[in-house]
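For reference, final-v1.csv is printed below; it contains CSV, C-alpha atoms.
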chain,number,residue,atom,x,y,z
A,1,GLN,CA,29.7,8.3,-12.1
A,2,VAL,CA,26.6,6.2,-11.6
A,3,GLN,CA,23.9,5.9,-14.3
A,4,LEU,CA,20.4,4.7,-13.3
A,5,VAL,CA,17.9,3.4,-15.8
A,6,GLU,CA,14.3,2.9,-14.8
A,7,SER,CA,11.8,0.7,-16.6
A,8,GLY,CA,8.4,-0.7,-16.0
A,9,GLY,CA,6.2,2.4,-16.0
A,10,GLY,CA,3.0,2.6,-18.0
A,11,LEU,CA,-0.8,2.6,-17.6
A,12,ALA,CA,-2.6,0.8,-14.9
A,13,HIS,CA,-6.2,0.6,-13.9
A,14,LEU,CA,-7.4,1.8,-10.5
A,15,GLY,CA,-6.7,-1.0,-8.1
A,16,GLY,CA,-4.2,-2.6,-10.4
A,17,SER,CA,-0.5,-3.2,-10.1
A,18,LEU,CA,2.8,-2.2,-11.7
A,19,ARG,CA,6.4,-3.1,-11.1
A,20,LEU,CA,9.2,-0.6,-11.6
A,21,SER,CA,12.8,-1.6,-11.9
A,22,CYS,CA,16.0,0.5,-11.8
A,23,GLU,CA,19.4,-0.8,-12.8
A,24,ALA,CA,22.6,1.0,-11.8
A,25,SER,CA,25.8,1.0,-13.7
A,26,GLY,CA,29.3,1.0,-12.2
A,27,SER,CA,30.6,-0.4,-9.0
A,28,GLY,CA,29.8,0.5,-5.4
A,29,PHE,CA,26.1,-0.3,-5.6
A,30,SER,CA,26.0,-2.1,-2.3
A,31,ILE,CA,27.0,1.0,-0.4
A,32,TYR,CA,24.4,3.2,-1.9
A,33,HIS,CA,21.1,4.1,-0.2
A,34,MET,CA,18.5,3.6,-2.9
A,35,SER,CA,15.2,5.4,-3.2
A,36,TRP,CA,12.2,5.9,-5.3
A,37,TYR,CA,10.7,9.4,-5.6
A,38,ARG,CA,7.8,10.6,-7.6
A,39,GLN,CA,6.6,13.9,-8.9
A,40,SER,CA,3.1,14.9,-10.1
A,41,PRO,CA,2.4,18.0,-12.2
A,42,GLY,CA,2.5,21.1,-10.0
A,43,LYS,CA,3.8,19.2,-7.0
A,44,GLU,CA,7.2,18.8,-5.4
A,45,ARG,CA,9.2,15.6,-5.8
A,46,GLU,CA,8.4,13.4,-2.9
A,47,LEU,CA,10.1,10.3,-1.4
A,48,VAL,CA,8.1,7.1,-1.9
A,49,ALA,CA,10.4,4.4,-0.6
A,50,ILE,CA,13.9,3.9,0.5
A,51,ALA,CA,16.2,0.9,0.9
A,52,VAL,CA,19.3,1.8,2.8
A,53,ARG,CA,22.5,0.0,2.1
A,54,GLY,CA,21.9,-2.3,5.1
A,55,GLY,CA,18.7,-3.5,3.4
A,56,GLN,CA,16.2,-1.9,5.7
A,57,THR,CA,13.2,-0.3,3.9
A,58,ASN,CA,10.9,2.5,4.7
A,59,TYR,CA,7.9,4.0,3.0
A,60,ALA,CA,5.9,7.1,2.7
A,61,ASP,CA,2.6,6.9,4.6
A,62,SER,CA,0.7,7.3,1.4
A,63,VAL,CA,2.0,4.0,0.0
A,64,TRP,CA,2.5,2.0,3.2
A,65,GLY,CA,1.1,-1.5,2.8
A,66,ARG,CA,0.6,-1.1,-1.0
A,67,PHE,CA,4.2,-0.6,-2.3
A,68,THR,CA,7.1,-2.9,-1.7
A,69,MET,CA,10.7,-2.0,-2.5
A,70,SER,CA,13.5,-4.5,-2.8
A,71,ARG,CA,17.1,-4.4,-3.8
A,72,ASP,CA,19.5,-7.0,-5.3
A,73,ASN,CA,23.1,-6.1,-4.7
A,74,THR,CA,24.3,-8.9,-6.9
A,75,LYS,CA,22.5,-7.4,-9.9
A,76,ASN,CA,22.7,-3.7,-9.0
A,77,THR,CA,19.0,-3.4,-9.2
A,78,VAL,CA,16.1,-2.1,-7.1
A,79,SER,CA,12.4,-2.6,-7.8
A,80,LEU,CA,9.2,-1.1,-6.6
A,81,GLN,CA,6.1,-3.4,-6.6
A,82,MET,CA,3.1,-1.2,-6.6
A,83,ASN,CA,-0.3,-2.8,-5.8
A,84,SER,CA,-3.8,-1.4,-5.2
A,85,LEU,CA,-2.9,1.6,-7.3
A,86,LYS,CA,-4.8,4.8,-6.7
A,87,LEU,CA,-5.4,7.7,-9.0
A,88,GLU,CA,-3.1,9.8,-6.9
A,89,ASP,CA,-0.2,7.5,-7.6
A,90,THR,CA,-0.1,8.9,-11.1
A,91,ALA,CA,3.3,10.6,-11.4
A,92,VAL,CA,6.8,10.4,-12.9
A,93,TYR,CA,8.8,8.0,-10.7
A,94,TYR,CA,12.5,8.5,-10.3
A,95,CYS,CA,15.2,6.1,-9.0
A,96,ASN,CA,17.7,7.7,-6.8
A,97,ALA,CA,21.1,6.5,-5.5
A,98,ARG,CA,22.9,8.3,-2.7
A,99,ASP,CA,26.5,7.6,-2.1
A,100,PRO,CA,26.9,8.4,1.6
A,101,THR,CA,30.7,8.4,1.4
A,102,ILE,CA,30.8,11.5,-0.8
A,103,ASP,CA,27.3,12.8,-0.2
A,104,ALA,CA,26.4,12.5,-3.9
A,105,ASP,CA,23.0,11.9,-5.4
A,106,TYR,CA,22.3,10.3,-8.8
A,107,TRP,CA,19.0,10.2,-10.6
A,108,GLY,CA,17.4,8.2,-13.3
A,109,GLN,CA,15.5,9.8,-16.2
A,110,GLY,CA,12.2,8.9,-14.7
A,111,THR,CA,9.3,6.7,-15.8
A,112,GLN,CA,5.7,7.7,-16.1
A,113,VAL,CA,3.1,5.9,-14.1
A,114,THR,CA,-0.5,6.7,-15.0
A,115,VAL,CA,-3.5,5.2,-13.1
A,116,SER,CA,-6.8,5.5,-14.7
A,117,SER,CA,-10.4,4.7,-13.6

Rewrite the structure from the file as C-alpha coordinates, please.
Amino acid sequence: QVQLVESGGGLAHLGGSLRLSCEASGSGFSIYHMSWYRQSPGKERELVAIAVRGGQTNYADSVWGRFTMSRDNTKNTVSLQMNSLKLEDTAVYYCNARDPTIDADYWGQGTQVTVSS
(Lines of atoms letter the chains of each structure in order from A and count residues from 1; the text may use other names and numbers.)
(Lines give C-alpha, C1' and ligand atoms only; values in the text may rest on other atoms or scores of the structure.)
Protein backbone atom coordinates (compact mmCIF):
# COMPACT_ATOMS: atom_id res chain seq x y z
CA GLN A 1 0.00 0.00 0.00
CA VAL A 2 1.29 3.43 -0.97
CA GLN A 3 0.50 6.55 0.99
CA LEU A 4 0.85 9.94 -0.62
CA VAL A 5 1.10 13.18 1.34
CA GLU A 6 0.83 16.51 -0.44
CA SER A 7 2.03 19.83 0.86
CA GLY A 8 2.58 23.35 -0.36
CA GLY A 9 -0.89 24.49 -1.26
CA GLY A 10 -2.30 27.81 -0.17
CA LEU A 11 -3.18 31.26 -1.38
CA ALA A 12 -1.41 32.99 -4.23
CA HIS A 13 -1.96 36.22 -6.09
CA LEU A 14 -2.79 36.33 -9.74
CA GLY A 15 0.47 35.87 -11.63
CA GLY A 16 2.22 34.47 -8.60
CA SER A 17 3.81 31.13 -7.89
CA LEU A 18 3.34 28.13 -5.66
CA ARG A 19 5.19 24.85 -5.32
CA LEU A 20 3.44 21.63 -4.42
CA SER A 21 5.20 18.57 -3.11
CA CYS A 22 4.12 14.97 -2.72
CA GLU A 23 5.95 12.34 -0.74
CA ALA A 24 5.25 8.65 -1.17
CA SER A 25 5.72 6.02 1.49
CA GLY A 26 6.83 2.50 0.86
CA SER A 27 9.04 0.95 -1.75
CA GLY A 28 8.64 0.80 -5.48
CA PHE A 29 8.37 4.52 -6.12
CA SER A 30 10.68 4.42 -9.10
CA ILE A 31 8.34 2.17 -11.08
CA TYR A 32 5.27 4.33 -10.54
CA HIS A 33 3.88 6.79 -13.00
CA MET A 34 3.31 9.93 -10.96
CA SER A 35 0.73 12.57 -11.77
CA TRP A 36 -0.89 15.70 -10.49
CA TYR A 37 -4.63 16.15 -10.92
CA ARG A 38 -6.89 18.98 -9.89
CA GLN A 39 -10.57 19.42 -9.27
CA SER A 40 -12.57 22.61 -9.07
CA PRO A 41 -16.09 22.82 -7.61
CA GLY A 42 -18.61 21.46 -10.05
CA LYS A 43 -15.97 20.12 -12.40
CA GLU A 44 -14.48 16.73 -13.02
CA ARG A 45 -11.02 15.90 -11.83
CA GLU A 46 -8.53 16.66 -14.57
CA LEU A 47 -4.98 15.63 -15.28
CA VAL A 48 -2.51 18.49 -14.89
CA ALA A 49 0.88 16.87 -15.31
CA ILE A 50 2.45 13.45 -15.46
CA ALA A 51 5.97 12.15 -14.92
CA VAL A 52 6.22 8.58 -16.08
CA ARG A 53 8.63 6.19 -14.46
CA GLY A 54 11.18 6.80 -17.18
CA GLY A 55 11.23 10.47 -16.24
CA GLN A 56 9.43 11.97 -19.21
CA THR A 57 6.87 14.61 -18.38
CA ASN A 58 3.79 15.89 -20.09
CA TYR A 59 1.30 18.62 -19.29
CA ALA A 60 -2.25 19.66 -19.91
CA ASP A 61 -2.53 22.39 -22.51
CA SER A 62 -3.96 24.74 -19.90
CA VAL A 63 -0.75 24.70 -17.84
CA TRP A 64 1.85 24.17 -20.56
CA GLY A 65 4.76 26.55 -20.13
CA ARG A 66 3.64 27.64 -16.66
CA PHE A 67 3.85 24.46 -14.59
CA THR A 68 6.84 22.19 -14.20
CA MET A 69 6.71 18.74 -12.67
CA SER A 70 9.74 16.93 -11.38
CA ARG A 71 10.40 13.70 -9.56
CA ASP A 72 13.19 12.52 -7.29
CA ASN A 73 13.32 8.75 -7.09
CA THR A 74 15.93 8.89 -4.34
CA LYS A 75 13.56 10.79 -2.06
CA ASN A 76 10.25 9.30 -3.24
CA THR A 77 8.95 12.75 -4.04
CA VAL A 78 7.39 14.68 -6.86
CA SER A 79 6.84 18.38 -7.06
CA LEU A 80 4.82 20.77 -9.14
CA GLN A 81 6.18 24.26 -9.64
CA MET A 82 3.32 26.53 -10.64
CA ASN A 83 4.15 29.93 -12.10
CA SER A 84 2.08 32.68 -13.68
CA LEU A 85 -0.93 31.46 -11.79
CA LYS A 86 -4.37 32.22 -13.16
CA LEU A 87 -7.70 32.43 -11.40
CA GLU A 88 -8.75 29.23 -13.15
CA ASP A 89 -5.89 27.36 -11.48
CA THR A 90 -7.87 27.49 -8.26
CA ALA A 91 -8.64 23.91 -7.30
CA VAL A 92 -7.82 21.06 -5.00
CA TYR A 93 -4.67 19.42 -6.31
CA TYR A 94 -4.15 15.70 -5.90
CA CYS A 95 -1.04 13.61 -6.19
CA ASN A 96 -1.52 10.27 -7.94
CA ALA A 97 0.69 7.22 -8.17
CA ARG A 98 -0.06 4.48 -10.67
CA ASP A 99 1.59 1.12 -10.31
CA PRO A 100 1.60 -0.24 -13.85
CA THR A 101 2.52 -3.74 -12.72
CA ILE A 102 -0.79 -4.25 -10.94
CA ASP A 103 -2.80 -1.43 -12.55
CA ALA A 104 -3.43 0.22 -9.19
CA ASP A 105 -3.98 3.89 -8.44
CA TYR A 106 -3.15 5.64 -5.20
CA TRP A 107 -4.25 9.14 -4.23
CA GLY A 108 -3.18 11.76 -1.78
CA GLN A 109 -5.63 13.67 0.36
CA GLY A 110 -5.43 16.78 -1.78
CA THR A 111 -4.19 20.29 -1.15
CA GLN A 112 -6.11 23.48 -1.84
CA VAL A 113 -4.68 26.07 -4.20
CA THR A 114 -6.49 29.39 -4.35
CA VAL A 115 -5.50 32.15 -6.73
CA SER A 116 -6.90 35.57 -5.98
CA SER A 117 -6.87 38.86 -7.79

- Item | Close residues, stretch 60-72 of chain A itself excluded, 7 Å, only C-alpha atoms, min 5 positions apart in chain, as an MDAnalysis selection string | chainID A and resid 47:49 77:84

- Long-range neighbours of A:Ile50 as a VMD selection string, 8 Å cut-off, only C-alpha atoms, 6 positions minimum in chain: chain A and resid 33 to 36 57 to 59 69

- Item | Shell of 9 Å around stretch 8-22 of chain A, only C-alpha atoms, local chain residues under 3 positions omitted, as a ChimeraX atom specification | /A:4-5,76-87,92-96,108,110-117

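For the choices A:Ser40, A:Ser7, A:Gln1, A:Asn73, the atom-to-atom distance to A:Ser25 is smallest for A:Gln1 when using only C-alpha atoms.
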
- Query: Do you have the atom CA of A:Ile102-atom CA of A:Val2 distance handy?
  - Reply: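 Atom-to-atom, atom CA of A:Ile102 and atom CA of A:Val2 are spaced 12.7 Å apart.
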
- Nearest-residue call for A:Phe29, choices A:Glu88, A:Thr101, A:Thr74, A:Ala51, using all atoms listed in the file: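 Among the listed residues, the smallest separation from A:Phe29 belongs to A:Thr74.
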
- Message: Calculated over all atoms listed in the file, which of the candidates A:Gly54, A:Tyr106, A:Asp89, A:Lys75 has the smallest distance to A:Ile31?
- Response: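 For A:Ile31, the nearest of the candidates is A:Gly54.
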
- Would you work out the distance separating atom CA of A:Arg38 from atom CA of A:Asp99, expressed in Å to one decimal? 19.7 Å
